[in-house]
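Raw contents of data-v4.txt, compact mmCIF, C-alpha atoms:
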# COMPACT_ATOMS: atom_id res chain seq x y z
CA MET D 1 17.65 17.85 -0.86
CA PRO D 2 16.65 14.54 0.77
CA GLU D 3 14.61 14.88 3.91
CA SER D 4 16.84 14.70 6.97
CA SER D 5 15.97 12.82 10.14
CA PRO D 6 17.17 13.48 13.68
CA PHE D 7 17.50 9.72 14.08
CA GLN D 8 19.65 9.05 11.05
CA ASP D 9 22.78 7.08 11.86
CA PRO D 10 25.80 8.74 10.19
CA ARG D 11 27.58 5.43 9.78
CA PRO D 12 27.32 3.57 6.45
CA ARG D 13 24.24 1.39 6.29
CA GLU D 14 26.30 -1.79 6.12
CA SER D 15 27.94 -0.97 9.47
CA GLN D 16 24.77 -0.31 11.43
CA PRO D 17 24.13 -3.00 14.03
CA GLY D 18 21.41 -5.47 13.19
CA SER D 19 21.11 -4.22 9.62
CA THR D 20 21.41 -6.14 6.41
CA ARG D 21 20.40 -5.27 2.92
CA PRO D 22 16.86 -6.39 2.04
CA GLY D 23 16.91 -9.88 0.65
CA GLU D 24 20.54 -10.45 1.80
CA ALA D 25 21.17 -13.91 3.19
CA GLN D 26 21.69 -14.18 6.93
CA PRO D 27 24.93 -15.69 8.27
CA ALA D 28 24.66 -19.40 8.93
CA GLY D 29 23.22 -20.28 12.32
CA THR D 30 21.68 -16.85 12.97
CA GLN D 31 18.06 -15.70 13.10
CA PRO D 32 16.84 -12.45 11.54
CA THR D 33 16.33 -9.64 14.04
CA VAL D 34 13.16 -7.58 14.34
CA ALA D 35 14.97 -4.71 12.61
CA GLN D 36 15.97 -6.93 9.70
CA LEU D 37 12.45 -8.30 9.32
CA ALA D 38 11.01 -4.78 9.43
CA GLU D 39 13.50 -3.54 6.83
CA ASP D 40 12.72 -6.47 4.55
CA TYR D 41 9.00 -5.74 4.95
CA ALA D 42 9.54 -2.09 4.05
CA ALA D 43 11.54 -3.05 0.97
CA LYS D 44 8.95 -5.57 -0.22
CA ALA D 45 6.18 -3.00 0.27
CA GLY D 46 7.60 -1.27 -2.80
CA LEU D 47 7.72 2.29 -1.48
CA HIS D 48 10.04 4.70 -3.29
CA ARG D 49 11.43 8.20 -2.79
CA THR D 50 11.92 10.99 -5.28
CA SER D 51 15.27 12.74 -5.69
CA ASN D 52 14.19 15.52 -3.31
CA GLY D 53 13.41 13.11 -0.50
CA ASN D 54 9.61 12.94 -0.79
CA ILE D 55 7.73 9.72 -1.30
CA ASP D 56 7.08 8.88 -4.94
CA VAL D 57 3.43 7.89 -4.57
CA LEU D 58 2.93 6.98 -8.22
CA LYS D 59 5.95 4.68 -8.31
CA SER D 60 5.02 3.27 -4.90
CA ALA D 61 1.61 2.34 -6.33
CA GLY D 62 3.31 0.44 -9.13
CA GLY D 63 3.65 3.22 -11.67
CA VAL D 64 1.33 3.66 -14.63
CA GLN D 65 1.44 -0.05 -15.44
CA GLY D 66 0.69 -0.98 -11.83
CA LEU D 67 -2.30 1.35 -11.76
CA ALA D 68 -3.56 -0.12 -15.01
CA GLU D 69 -3.20 -3.63 -13.60
CA SER D 70 -5.33 -2.70 -10.60
CA ILE D 71 -7.99 -0.76 -12.52
CA LEU D 72 -8.54 -2.32 -15.95
CA PRO D 73 -9.74 -5.85 -14.99
CA GLY D 74 -12.58 -4.39 -12.91
CA LEU D 75 -13.37 -1.80 -15.58
CA VAL D 76 -13.54 -4.45 -18.31
CA PHE D 77 -15.80 -6.58 -16.09
CA LEU D 78 -18.18 -3.66 -15.55
CA ILE D 79 -18.34 -2.70 -19.22
CA ALA D 80 -18.75 -6.28 -20.46
CA PHE D 81 -21.49 -7.06 -17.95
CA THR D 82 -23.30 -3.79 -18.62
CA VAL D 83 -23.31 -4.44 -22.38
CA SER D 84 -24.07 -8.17 -22.40
CA ARG D 85 -25.91 -8.64 -19.08
CA GLU D 86 -24.13 -11.99 -19.03
CA LEU D 87 -21.76 -12.97 -16.26
CA THR D 88 -19.52 -15.38 -18.19
CA PRO D 89 -18.16 -12.97 -20.86
CA ALA D 90 -17.60 -10.31 -18.19
CA LEU D 91 -15.57 -12.72 -16.06
CA VAL D 92 -13.62 -14.03 -19.07
CA GLY D 93 -12.84 -10.45 -20.10
CA ALA D 94 -11.52 -9.52 -16.66
CA LEU D 95 -9.38 -12.67 -16.48
CA ALA D 96 -8.03 -12.06 -19.99
CA VAL D 97 -6.90 -8.54 -19.07
CA ALA D 98 -5.20 -9.78 -15.88
CA ALA D 99 -3.47 -12.56 -17.85
CA ALA D 100 -2.33 -10.07 -20.50
CA PHE D 101 -0.62 -7.96 -17.84
CA THR D 102 1.14 -11.04 -16.48
CA VAL D 103 2.43 -11.92 -19.95
CA ALA D 104 3.51 -8.31 -20.47
CA ARG D 105 5.60 -8.44 -17.31
CA LEU D 106 7.19 -11.69 -18.47
CA VAL D 107 8.12 -10.09 -21.79
CA GLN D 108 9.44 -6.95 -20.04
CA ARG D 109 11.27 -9.10 -17.47
CA LYS D 110 9.74 -7.08 -14.67
CA PRO D 111 8.99 -8.45 -11.18
CA LEU D 112 5.91 -10.66 -11.38
CA THR D 113 4.75 -10.24 -7.79
CA GLN D 114 2.13 -7.56 -8.45
CA ALA D 115 0.88 -9.11 -11.67
CA LEU D 116 0.60 -12.61 -10.15
CA ALA D 117 -1.21 -11.21 -7.11
CA GLY D 118 -3.53 -9.34 -9.46
CA ILE D 119 -4.43 -12.36 -11.59
CA ALA D 120 -4.86 -14.50 -8.46
CA GLY D 121 -7.23 -11.91 -7.00
CA VAL D 122 -9.20 -11.57 -10.25
CA GLY D 123 -9.32 -15.35 -10.58
CA LEU D 124 -10.70 -15.84 -7.08
CA SER D 125 -13.19 -13.01 -7.55
CA ALA D 126 -14.34 -14.55 -10.82
CA TRP D 127 -14.73 -17.96 -9.15
CA LEU D 128 -16.88 -16.47 -6.37
CA ALA D 129 -19.12 -14.63 -8.81
CA ASN D 130 -19.44 -17.66 -11.07
CA THR D 131 -20.22 -19.94 -8.12
CA THR D 132 -23.00 -17.76 -6.75
CA GLY D 133 -24.19 -16.46 -10.11
CA LYS D 134 -24.22 -12.92 -8.71
CA ALA D 135 -22.18 -10.28 -10.52
CA GLU D 136 -21.76 -8.22 -7.34
CA ASP D 137 -19.85 -11.10 -5.73
CA PHE D 138 -16.96 -10.24 -8.05
CA TYR D 139 -16.17 -7.51 -5.51
CA VAL D 140 -16.61 -9.47 -2.26
CA LEU D 141 -12.94 -10.44 -1.95
CA GLY D 142 -11.98 -6.77 -1.72
CA PHE D 143 -14.15 -6.33 1.36
CA PHE D 144 -12.35 -9.08 3.25
CA THR D 145 -8.95 -7.84 2.06
CA ASN D 146 -9.71 -4.35 3.35
CA LEU D 147 -11.02 -5.73 6.64
CA GLY D 148 -7.88 -7.84 7.08
CA TYR D 149 -5.63 -4.81 6.57
CA ILE D 150 -7.72 -2.75 9.00
CA VAL D 151 -7.37 -5.42 11.70
CA ALA D 152 -3.63 -5.85 11.10
CA MET D 153 -2.95 -2.10 11.16
CA SER D 154 -5.08 -1.61 14.27
CA ILE D 155 -3.11 -4.32 16.03
CA SER D 156 0.15 -2.68 14.93
CA ILE D 157 -0.98 0.55 16.60
CA ALA D 158 -2.02 -1.27 19.78
CA VAL D 159 1.38 -2.96 20.13
CA ARG D 160 3.28 0.28 19.31
CA TRP D 161 4.61 -0.98 15.99
CA PRO D 162 2.46 1.19 13.67
CA ILE D 163 2.63 0.05 10.06
CA ALA D 164 3.34 3.59 8.81
CA GLY D 165 6.55 3.56 10.85
CA LEU D 166 7.67 0.29 9.29
CA LEU D 167 6.83 1.55 5.81
CA PHE D 168 8.28 5.04 6.09
CA GLY D 169 11.00 4.60 8.73
CA PHE D 170 13.54 2.92 6.49
CA ILE D 171 12.79 5.20 3.55
CA ARG D 172 13.67 8.14 5.82
CA ASN D 173 16.79 6.37 7.12
CA GLU D 174 15.27 6.26 10.60
CA GLY D 175 15.44 2.48 10.69
CA LEU D 176 13.68 1.59 13.94
CA HIS D 177 15.16 4.53 15.88
CA TRP D 178 11.79 6.28 15.71
CA ARG D 179 10.46 3.79 18.27
CA LYS D 180 12.69 5.42 20.92
CA ASP D 181 10.93 8.77 20.53
CA PRO D 182 7.30 8.95 21.79
CA ALA D 183 6.63 11.87 19.44
CA ARG D 184 7.67 9.84 16.40
CA VAL D 185 5.67 6.82 17.55
CA LYS D 186 2.63 9.09 17.92
CA ALA D 187 3.18 10.55 14.46
CA TYR D 188 3.37 7.11 12.89
CA ARG D 189 0.26 6.04 14.78
CA ILE D 190 -1.56 8.99 13.22
CA GLY D 191 -0.19 8.09 9.79
CA THR D 192 -1.40 4.52 10.23
CA TRP D 193 -4.85 5.79 11.23
CA VAL D 194 -4.96 7.77 7.99
CA ILE D 195 -4.43 4.59 5.99
CA ILE D 196 -6.99 2.74 8.13
CA THR D 197 -9.48 5.54 7.44
CA VAL D 198 -9.02 5.09 3.70
CA LEU D 199 -9.73 1.37 4.01
CA ALA D 200 -12.71 1.94 6.30
CA LEU D 201 -14.21 4.51 3.91
CA ARG D 202 -14.14 1.93 1.16
CA LEU D 203 -16.21 -0.46 3.27
CA LEU D 204 -18.63 2.23 4.47
CA VAL D 205 -19.38 3.29 0.90
CA GLN D 206 -19.20 0.00 -0.97
CA VAL D 207 -20.81 -2.56 1.34
CA PRO D 208 -24.27 -0.88 1.23
CA LEU D 209 -24.01 -0.79 -2.57
CA TYR D 210 -23.18 -4.51 -2.60
CA TYR D 211 -26.34 -5.31 -0.66
CA MET D 212 -28.39 -3.47 -3.29
CA GLY D 213 -27.63 -6.38 -5.58
CA GLU D 214 -27.46 -5.90 -9.32
CA GLN D 215 -29.14 -2.50 -9.00
CA GLY D 216 -26.10 -1.17 -7.16
CA LEU D 217 -23.54 -2.95 -9.32
CA ALA D 218 -22.64 0.02 -11.52
CA ALA D 219 -22.21 2.31 -8.51
CA LEU D 220 -20.24 -0.39 -6.65
CA ALA D 221 -17.88 -0.94 -9.57
CA THR D 222 -17.41 2.81 -10.09
CA THR D 223 -16.65 3.52 -6.44
CA ARG D 224 -14.30 0.52 -6.39
CA LEU D 225 -12.30 2.11 -9.19
CA LEU D 226 -12.32 5.61 -7.69
CA MET D 227 -11.62 4.45 -4.14
CA GLY D 228 -8.97 1.97 -5.20
CA ALA D 229 -5.56 3.17 -6.35
CA PRO D 230 -6.43 6.91 -6.54
CA LEU D 231 -7.67 7.08 -2.95
CA TYR D 232 -4.81 4.87 -1.76
CA ILE D 233 -2.27 7.22 -3.34
CA LEU D 234 -3.93 10.21 -1.66
CA GLY D 235 -4.01 8.48 1.73
CA LEU D 236 -0.37 7.42 1.41
CA TRP D 237 0.68 10.97 0.56
CA VAL D 238 -1.26 12.47 3.48
CA ALA D 239 0.20 9.87 5.86
CA TRP D 240 3.70 10.72 4.59
CA LEU D 241 3.18 14.44 5.16
CA LEU D 242 1.72 13.97 8.65
CA THR D 243 4.63 11.79 9.75
CA ARG D 244 7.44 14.04 8.57
CA PRO D 245 10.10 14.54 11.29
CA ALA D 246 10.39 18.00 12.79
CA ALA D 247 13.23 20.09 11.39
CA PRO D 248 16.39 20.04 13.54
CA ALA D 249 16.52 22.90 16.05
CA ALA D 250 19.54 24.46 14.33
CA ASP D 251 17.64 24.70 11.05
CA ALA D 252 14.60 26.19 12.77
CA GLU D 253 16.69 28.88 14.54
CA HIS D 254 18.69 29.80 11.43
CA PRO D 255 16.39 29.54 8.41
CA ALA D 256 18.02 29.78 5.02
CA GLU D 257 18.19 33.30 3.62
CA PRO D 258 16.19 33.93 0.48
CA ASN D 259 18.17 34.04 -2.74
What would you get if you wrote out this structure as structure tokens?
Amino acid sequence: MPESSPFQDPRPRESQPGSTRPGEAQPAGTQPTVAQLAEDYAAKAGLHRTSNGNIDVLKSAGGVQGLAESILPGLVFLIAFTVSRELTPALVGALAVAAAFTVARLVQRKPLTQALAGIAGVGLSAWLANTTGKAEDFYVLGFFTNLGYIVAMSISIAVRWPIAGLLFGFIRNEGLHWRKDPARVKAYRIGTWVIITVLALRLLVQVPLYYMGEQGLAALATTRLLMGAPLYILGLWVAWLLTRPAAPAADAEHPAEPN
């Protein structure tokens, strides 16, 4: 049974004030509300629920193909560089894998957003490494990306718009009603801190390995793979569990009888 929320509006979604379907055009002469912008952000974040109301972490991470798109370019780079000790074939191999995934999405007629972002990231990483001539610079972009997310999420907590609330609120049919309950705001702050912790752990582990130069490259690449999608999925799941709404009082007082 889908997870219930004490803030769920019983009216149809289309009739809720200030609510439009994600991607739906706004009436002429109007500006999108904060709620509409937040809902659109949640939709574009690509989070999904299972039939029993829990978050589908695998699908939210892009499914098997999405995981492969995030893991294989870096893995091919590591293997090619380890075997050849040459930067150029390793960079070409990583770019070829990213390009292959983009073509695959075109053939499958799937959304290109993730694949295009992936090939853009791999391309920029390859350019940095090729410019400096240092293989470890292939991973520098990830450090700044993580730092940017940490700053943005910390700001969201400070202004009482925690990112976890924007991501999970609409999936749970809370909309922005959770912002009216201090307990829910606190829960979503904690959930956001969980995600921040995941990002911070990446930097704490990987940055020292980067400064080891080529000697730390294998360890850096390995931890990048392990602390990438797998750790993100774990952090997302923990944040989801920690931010679950409390069961309604009626359900708590009258638990279901065992079959």
Between atom CA of D:Leu78 and atom CA of D:Ala90, distance in Å (one decimal) |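 Answer for the atom CA of D:Leu78 to atom CA of D:Ala90 separation: 7.2 Å.
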Given all atoms listed in the file, how would the per-residue table for stretch 71-122 of chain D near stretch 217-237 of chain D read, listing every residue at most 8 Å away with its closest atom pair and distance in Å to one decimal, sorted by chain and number, as a tab-separated table?
residue	atom	partner	partner_atom	distance
D:Ile71	CA	D:Leu225	CA	6.2
D:Gly74	CA	D:Ala221	CA	7.2
D:Leu75	CA	D:Ala221	CA	7.6
D:Leu78	CA	D:Ala221	CA	6.6
Work out how far atom CA of D:Ala135 is from atom CA of D:Glu214, in Å to one decimal.
-> 7.0 Å
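With all atoms listed in the file as the atoms that count, the residue of D:Asn130, D:Gln65, D:Ser125, D:Thr192 with the shortest distance to D:Ser156 is D:Thr192.
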So how many Å separate atom CA of D:Phe81 and atom CA of D:Glu136, to one decimal?
->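 It comes out at 10.7 Å.
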May I have the residues within 10 Å of stretch 182-191 of chain D as a CSV table (one decimal) with C-alpha atoms, keeping the file's coordinate frame, using all atoms listed in the file and disregarding those fewer than 6 positions away in the same chain?
chain,number,residue,atom,x,y,z
D,153,MET,CA,-3.0,-2.1,11.2
D,154,SER,CA,-5.1,-1.6,14.3
D,156,SER,CA,0.2,-2.7,14.9
D,157,ILE,CA,-1.0,0.6,16.6
D,158,ALA,CA,-2.0,-1.3,19.8
D,160,ARG,CA,3.3,0.3,19.3
D,161,TRP,CA,4.6,-1.0,16.0
D,162,PRO,CA,2.5,1.2,13.7
D,163,ILE,CA,2.6,0.0,10.1
D,164,ALA,CA,3.3,3.6,8.8
D,165,GLY,CA,6.6,3.6,10.8
D,166,LEU,CA,7.7,0.3,9.3
D,167,LEU,CA,6.8,1.6,5.8
D,168,PHE,CA,8.3,5.0,6.1
D,169,GLY,CA,11.0,4.6,8.7
D,197,THR,CA,-9.5,5.5,7.4
D,235,GLY,CA,-4.0,8.5,1.7
D,236,LEU,CA,-0.4,7.4,1.4
D,237,TRP,CA,0.7,11.0,0.6
D,238,VAL,CA,-1.3,12.5,3.5
D,239,ALA,CA,0.2,9.9,5.9
D,240,TRP,CA,3.7,10.7,4.6
D,241,LEU,CA,3.2,14.4,5.2
D,242,LEU,CA,1.7,14.0,8.6
D,243,THR,CA,4.6,11.8,9.8
D,244,ARG,CA,7.4,14.0,8.6
D,245,PRO,CA,10.1,14.5,11.3
D,246,ALA,CA,10.4,18.0,12.8
Polymer residues at most 12 Å from D:Ala126, only C-alpha atoms, same-chain spacing of 4 or more positions, as a compact mmCIF listing (two decimals) with C-alpha atoms, in the coordinates of the input:
# COMPACT_ATOMS: atom_id res chain seq x y z
CA PRO D 73 -9.74 -5.85 -14.99
CA GLY D 74 -12.58 -4.39 -12.91
CA PHE D 77 -15.80 -6.58 -16.09
CA LEU D 87 -21.76 -12.97 -16.26
CA THR D 88 -19.52 -15.38 -18.19
CA PRO D 89 -18.16 -12.97 -20.86
CA ALA D 90 -17.60 -10.31 -18.19
CA LEU D 91 -15.57 -12.72 -16.06
CA VAL D 92 -13.62 -14.03 -19.07
CA GLY D 93 -12.84 -10.45 -20.10
CA ALA D 94 -11.52 -9.52 -16.66
CA LEU D 95 -9.38 -12.67 -16.48
CA ALA D 96 -8.03 -12.06 -19.99
CA ALA D 98 -5.20 -9.78 -15.88
CA ILE D 119 -4.43 -12.36 -11.59
CA ALA D 120 -4.86 -14.50 -8.46
CA GLY D 121 -7.23 -11.91 -7.00
CA VAL D 122 -9.20 -11.57 -10.25
CA ASN D 130 -19.44 -17.66 -11.07
CA THR D 131 -20.22 -19.94 -8.12
CA THR D 132 -23.00 -17.76 -6.75
CA GLY D 133 -24.19 -16.46 -10.11
CA LYS D 134 -24.22 -12.92 -8.71
CA ALA D 135 -22.18 -10.28 -10.52
CA GLU D 136 -21.76 -8.22 -7.34
CA ASP D 137 -19.85 -11.10 -5.73
CA PHE D 138 -16.96 -10.24 -8.05
CA TYR D 139 -16.17 -7.51 -5.51
CA VAL D 140 -16.61 -9.47 -2.26
CA LEU D 141 -12.94 -10.44 -1.95
